[in-house]
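> Provided herewith is a single structure, encoded as structure tokens, for subsequent inquiry.
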Amino acid sequence: MDESDFPYLDLAGIFNADPAANPPYIIPETFISEEVGGSLTVIEDESEEVLGQENANQVLSNFLPGGYKKRWKKFRLWRGTWDLGSDAGVADIGPMFDWARSYPLTDLLGDVTSVNYTELSFNPDDVCVYIPRTIRVDDLVDPDYVWLNDEKVVWTGKPPMSSTPLSSDPTTNYLWFKHTAEPFSETNDVAAIADSDAVAGVSFDDDHEFIRCYYASLLTLYPKGTTRTQSGLITYSVEDDDTTAFVGTRERSQVLSLELDRKELRSRIDAAFADNPQLKRDVKFAYLHQQLWERLFFDEEAIEHEFAVQPLMEHLSGADFWRRMVEEDEYGVFGLSGPDLVQTVEELLPTDSPTRLRLLGHDGPDSSLPLQTVRYETGTLAELLARCRNDDLVVEFAEDVLVHSAEHALATWATESTGSGTSFELWYDLNFQANDDPYARISIYDAIEGGAGIAKEVADLFDTDESISIDAGLATQGRCHSATADRATIRLLADHPDGSLYDIQRTNREHFEELVDETLDGQISDTGAFSKDDLRSLVTARVRRLFETRELARFYSYLAAKLEELASELGRTPRTADLALFLDRHVFEDPSIQATYERFASETGRKDIAELEERLEELTVGCLTACPDCLQTEHSRCLKATGHQATTLNRRLLTEVFDT
């Protein structure tokens with residue numbers, strides 16, 4: 001591209017004298033800080049008109065294959081100028097970019113046999129990383145979105161090949177990973193942490209580069225004339241080079257890192273599981289959930305769309321309830337063979353009556369997608385359940401979850417410590433287990449290209465403030481206000497199972513607040529980790545919402561007491577499906593509460609909503625592993641954001657391990 005296309009050039013030829021300067025030699029028209037990843041020049045493909053300079057990560061997450069965005073020229077609709085690849089499910093992105101550089105993936109990752117970072121399988125020798133300089137886009141006018149059935153990509157217009165019309169553009173999530181582009185600086189010594197055995201040291205790097213690689217588009221499609229959805233995966237190629245393409249951006253910033261001692265972490269995980277068997281069983285279910293994503297959704301494409309993963313998980317947890325509470329099998333779902341699993345799930349979906357799991361609006365056995373998956377994938381599911389019985393594999397999963405959680409906790413804690421209001425970029429070495437490293441490195445870095453001094457400020461705090469305890473700081477981030485308020489609400493209602501709290505809440509506010517405070521005092525072990533005023537407000541709001549009428553107050557108060565009993569008997573945190581199955585078998589002693597329950601349960605047949613499910617969800621704890629109030633963050637920052645970010649985080653495990 002000719003340099004004259006850029007209006008913000010310095011003296012002609014001055015950059016050619018600088019061996020470190022990379023084209024295009026553009027002086028920005030503003031001195032506002034730039035987000036990590038740098039910027040791309042956006043060009044209208046047909047006219048060659050420059051539309052602007054945009055942040056690279058933002059543009060890529062809007063216009064890589066599957067993305068459509070209203071933007072320039074009076075907010076018209078645009079798409080990237082990619083084309084069909086030579087293989088099904090592959091898009092040729094060569095026409096869409098002018099490249100600044102490209103290199104084999106093995107130059108970045110080293111001599112590896114697989115790409116452990118990605119949800120999909122790739123041969124590293126077949127992949128090149130492409131760093132774009134410009135991106136080309138086309139505007140669209142009243143597009144007709146279609147899915148090309150044989151090519152397995154989304155398209156616009158009325159193509160001659162076989163296609164399925166879509167009611168709208170797809171919902172697109174981009175799959176990506178980050179890798180350190182260079183070894184961490186050896187000149188920055190790792191400072192030992194005197195008061196921690198788990199955190200081996202802290203270090204700060206004033207200038208470090210990561211490469212973010214986009215490798216696929218995960219699409220949710222909405223076929224026209226139906227309410228069903230389906231998923232599609234599109235990978236990228238550069239057909240002129242005959243290579244699989246990962247699109248990369250270079251993120252250079254100031255980095256703060258902690259090194260976690262894996263031997264100590266493993267020891268503390270074992271101790272936490274021994275002290276808290278309920279936590280261990282919850283982690284097993286998170287492990288099962290994660291394997292459904294990896295094996296059945298991504299590897300074998302046996303689950304039709306991403307929204308079908310959670311219903312399948314609900315059926316498996318329902319099977320666990322049935323085996324433990326009805327069949328009195330202490331292993332629950334994890335002790336089932338493939339055929340036994342099919343039989344148990346079938347029992348939960350009776351044909352002749354809308355009971356058991358059908359109370360939550362699930363289809364009967366003739367049309368149930370989860371049951372169909374269980375039947376067709378019997379062998380794989382039996383293997384996954386067997387893996388969950390293997391304590392070594394569960395602890396290995398728990399260790400990765402713990403390190404991932406500590407990475408998120410470091411970011412939220414650093415934000416609180418500086419009061420900057422900024423969000424950090426996150427990174428940890430996902431290969432630390434595969435490489436058998438003695439330490440796991442977690443890192444946060446400023447979201448401003450080159451760094452903004454915030455990570456350095458946190459590093460200085462660690463270096464100068466002797467009162468700071470890193471273990472305690474990480475543990476505090478696992479103490480979720482939302483989850484604590486949910487648990488306190490359940491406890492408060494359970495203490496008044498006859499519904500008497502309704503009148504207290506309405507007529508004696510002072511006494512009600514005393515009861516709330518007493519309940520919170522019983523729930524909170526670390527008062528410094530919570531704002532009691534915030535918790536009091538959350539609990540009060542929850543009670544008001546549940547106590548819409550006297551009838552509902554009695555119903556929810558009664559259920560809260562039963563929910564606490566169920567948690568003890570079930571050996572894990574009860575979910576909505578567990579409570580529904582429990583009530584389906586429960587003998588109500590109070591006719592009025594039974595009448596309320598039957599009224600909600602009778603609405604199951606409605607197509608738009610399962611009334612009982614909504615009512616029961618109001619009572620259960622919403623944050624089981626993580627939520628935006630504690631560890632979850634934006635998808636654009638988390639290395640494991642696709643579909644199951646919360647499954648690969650665990651606030652309770654984080655607090656158990658670091659609160660010593």
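All residue names refer to the structure tokens as shown: chains lettered A, B, ... in order, residues numbered from 1 in each chain, ligands numbered from 1 in order.
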Go through stretch 246-451 of chain A and collect every residue that DSSP, computed from the backbone, puts in alpha helix (DSSP H); the answer should be as number ranges by chain.

A: 262-275, 277-291, 309-321, 338-347, 369-376, 378-389, 391-418

> Could you pull the residues within 8 Å of A:Gln523, counting only C-alpha atoms, minus those fewer than 4 positions along the same chain, as a PyMOL selection string?

chain A and resi 484+487-488+519

> The selected residues should be written to file as a short mmCIF file (atom, residue, chain, number, x, y, z; two decimals), in the first residue's frame (atoms: N, CA, C and O atoms).


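So the final result, stored in result25.cif, reads:
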```
data_model
loop_
_atom_site.label_atom_id
_atom_site.label_comp_id
_atom_site.auth_asym_id
_atom_site.auth_seq_id
_atom_site.Cartn_x
_atom_site.Cartn_y
_atom_site.Cartn_z
N THR A 484 -22.89 -15.44 49.05
CA THR A 484 -23.09 -15.32 50.50
C THR A 484 -24.49 -14.82 50.82
O THR A 484 -25.14 -15.30 51.75
N ARG A 487 -26.92 -17.74 50.27
CA ARG A 487 -26.88 -18.71 51.37
C ARG A 487 -27.53 -18.14 52.62
O ARG A 487 -28.25 -18.85 53.35
N ALA A 488 -27.28 -16.87 52.90
CA ALA A 488 -27.88 -16.24 54.08
C ALA A 488 -29.40 -16.17 53.95
O ALA A 488 -30.13 -16.38 54.93
N THR A 519 -28.12 -13.63 61.01
CA THR A 519 -27.88 -14.68 60.01
C THR A 519 -26.57 -14.44 59.28
O THR A 519 -25.79 -15.37 59.06
#
```

> Determine which residues of stretch 244-333 of chain A receive a DSSP assignment of strand (DSSP E), computed from the backbone, and state them as a PDB file with N, CA, C and O atoms, in the first residue's frame.


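Output below, filename result08.pdb:
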```pdb
ATOM      1  N   THR A 244      -3.029 -23.755   7.181  1.00  0.00           N
ATOM      2  CA  THR A 244      -3.984 -23.350   8.209  1.00  0.00           C
ATOM      3  C   THR A 244      -3.493 -22.058   8.839  1.00  0.00           C
ATOM      4  O   THR A 244      -2.289 -21.898   9.096  1.00  0.00           O
ATOM      5  N   ALA A 245      -4.411 -21.129   9.085  1.00  0.00           N
ATOM      6  CA  ALA A 245      -4.015 -19.800   9.551  1.00  0.00           C
ATOM      7  C   ALA A 245      -4.524 -19.526  10.960  1.00  0.00           C
ATOM      8  O   ALA A 245      -5.694 -19.761  11.262  1.00  0.00           O
ATOM      9  N   PHE A 246      -3.630 -19.043  11.806  1.00  0.00           N
ATOM     10  CA  PHE A 246      -3.987 -18.424  13.066  1.00  0.00           C
ATOM     11  C   PHE A 246      -3.717 -16.927  12.897  1.00  0.00           C
ATOM     12  O   PHE A 246      -2.611 -16.542  12.482  1.00  0.00           O
ATOM     13  N   VAL A 247      -4.706 -16.091  13.188  1.00  0.00           N
ATOM     14  CA  VAL A 247      -4.536 -14.646  13.040  1.00  0.00           C
ATOM     15  C   VAL A 247      -4.039 -14.082  14.369  1.00  0.00           C
ATOM     16  O   VAL A 247      -4.702 -14.241  15.396  1.00  0.00           O
ATOM     17  N   GLY A 248      -2.881 -13.429  14.343  1.00  0.00           N
ATOM     18  CA  GLY A 248      -2.253 -13.007  15.584  1.00  0.00           C
ATOM     19  C   GLY A 248      -2.212 -11.502  15.770  1.00  0.00           C
ATOM     20  O   GLY A 248      -2.169 -10.729  14.808  1.00  0.00           O
ATOM     21  N   THR A 249      -2.248 -11.093  17.029  1.00  0.00           N
ATOM     22  CA  THR A 249      -1.960  -9.708  17.391  1.00  0.00           C
ATOM     23  C   THR A 249      -0.866  -9.713  18.451  1.00  0.00           C
ATOM     24  O   THR A 249      -0.780 -10.625  19.271  1.00  0.00           O
ATOM     25  N   ARG A 250      -0.029  -8.692  18.410  1.00  0.00           N
ATOM     26  CA  ARG A 250       1.086  -8.589  19.349  1.00  0.00           C
ATOM     27  C   ARG A 250       0.695  -7.646  20.483  1.00  0.00           C
ATOM     28  O   ARG A 250       0.355  -6.490  20.246  1.00  0.00           O
ATOM     29  N   GLU A 251       0.748  -8.146  21.720  1.00  0.00           N
ATOM     30  CA  GLU A 251       0.349  -7.368  22.891  1.00  0.00           C
ATOM     31  C   GLU A 251       1.577  -7.138  23.776  1.00  0.00           C
ATOM     32  O   GLU A 251       2.064  -8.067  24.433  1.00  0.00           O
ATOM     33  N   ARG A 252       2.068  -5.918  23.779  1.00  0.00           N
ATOM     34  CA  ARG A 252       3.271  -5.588  24.545  1.00  0.00           C
ATOM     35  C   ARG A 252       2.888  -4.684  25.708  1.00  0.00           C
ATOM     36  O   ARG A 252       2.211  -3.673  25.528  1.00  0.00           O
ATOM     37  N   SER A 253       3.317  -5.077  26.916  1.00  0.00           N
ATOM     38  CA  SER A 253       2.912  -4.312  28.084  1.00  0.00           C
ATOM     39  C   SER A 253       3.829  -4.622  29.255  1.00  0.00           C
ATOM     40  O   SER A 253       4.767  -5.418  29.145  1.00  0.00           O
ATOM     41  N   GLN A 254       3.530  -3.981  30.395  1.00  0.00           N
ATOM     42  CA  GLN A 254       4.219  -4.266  31.653  1.00  0.00           C
ATOM     43  C   GLN A 254       3.490  -5.399  32.362  1.00  0.00           C
ATOM     44  O   GLN A 254       2.257  -5.387  32.456  1.00  0.00           O
ATOM     45  N   VAL A 255       4.241  -6.372  32.871  1.00  0.00           N
ATOM     46  CA  VAL A 255       3.640  -7.613  33.366  1.00  0.00           C
ATOM     47  C   VAL A 255       4.045  -7.870  34.814  1.00  0.00           C
ATOM     48  O   VAL A 255       5.229  -7.795  35.165  1.00  0.00           O
ATOM     49  N   LEU A 256       3.045  -8.188  35.624  1.00  0.00           N
ATOM     50  CA  LEU A 256       3.263  -8.650  36.997  1.00  0.00           C
ATOM     51  C   LEU A 256       2.952 -10.141  37.050  1.00  0.00           C
ATOM     52  O   LEU A 256       1.903 -10.576  36.570  1.00  0.00           O
ATOM     53  N   SER A 257       3.852 -10.924  37.620  1.00  0.00           N
ATOM     54  CA  SER A 257       3.672 -12.380  37.657  1.00  0.00           C
ATOM     55  C   SER A 257       3.863 -12.923  39.067  1.00  0.00           C
ATOM     56  O   SER A 257       4.657 -12.391  39.852  1.00  0.00           O
ATOM     57  N   LEU A 258       3.119 -13.981  39.359  1.00  0.00           N
ATOM     58  CA  LEU A 258       3.334 -14.772  40.567  1.00  0.00           C
ATOM     59  C   LEU A 258       3.692 -16.189  40.152  1.00  0.00           C
ATOM     60  O   LEU A 258       3.144 -16.716  39.179  1.00  0.00           O
ATOM     61  N   GLU A 259       4.600 -16.795  40.873  1.00  0.00           N
ATOM     62  CA  GLU A 259       4.925 -18.193  40.650  1.00  0.00           C
ATOM     63  C   GLU A 259       4.352 -19.006  41.804  1.00  0.00           C
ATOM     64  O   GLU A 259       4.666 -18.753  42.971  1.00  0.00           O
ATOM     65  N   LEU A 260       3.491 -19.968  41.471  1.00  0.00           N
ATOM     66  CA  LEU A 260       2.817 -20.791  42.465  1.00  0.00           C
ATOM     67  C   LEU A 260       3.520 -22.140  42.579  1.00  0.00           C
ATOM     68  O   LEU A 260       3.803 -22.785  41.562  1.00  0.00           O
ATOM     69  N   ASP A 261       3.790 -22.541  43.789  1.00  0.00           N
ATOM     70  CA  ASP A 261       4.475 -23.810  44.043  1.00  0.00           C
ATOM     71  C   ASP A 261       3.488 -24.958  43.878  1.00  0.00           C
ATOM     72  O   ASP A 261       2.559 -25.115  44.679  1.00  0.00           O
TER      73      ASP A 261
END
```

> Give me, please, the distance in Å between atom CA of A:Lys70 and atom CA of A:Arg101, quoted to one decimal.

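Calculated distance between atom CA of A:Lys70 and atom CA of A:Arg101 is 28.8 Å.
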
> Neighbours of A:Phe600 within 8 Å (only C-alpha atoms; same-chain residues fewer than 6 positions away dropped), as a compact mmCIF listing (two decimals) with C-alpha atoms, in the first residue's frame?


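Output (around22.txt):
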```txt
# COMPACT_ATOMS: atom_id res chain seq x y z
CA GLU A 611 -43.16 -22.17 36.02
CA LEU A 612 -41.74 -24.54 38.63
CA ARG A 615 -39.66 -20.60 41.11
```

> Measuring between only C-alpha atoms, which one of A:Gln53, A:Thr243, A:Ser168, A:Ser203 shows the shortest distance to A:Pro143?

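Using only C-alpha atoms, A:Pro143 sits closest to A:Ser168.
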
> Name the closest residue to A:Leu559 among the candidates A:Pro124, A:Gly318, A:Gly528, A:Pro497; distances are taken between atoms, counting only C-alpha atoms.

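Between A:Pro124, A:Gly318, A:Gly528, A:Pro497, the residue approaching A:Leu559 most closely is A:Pro497.
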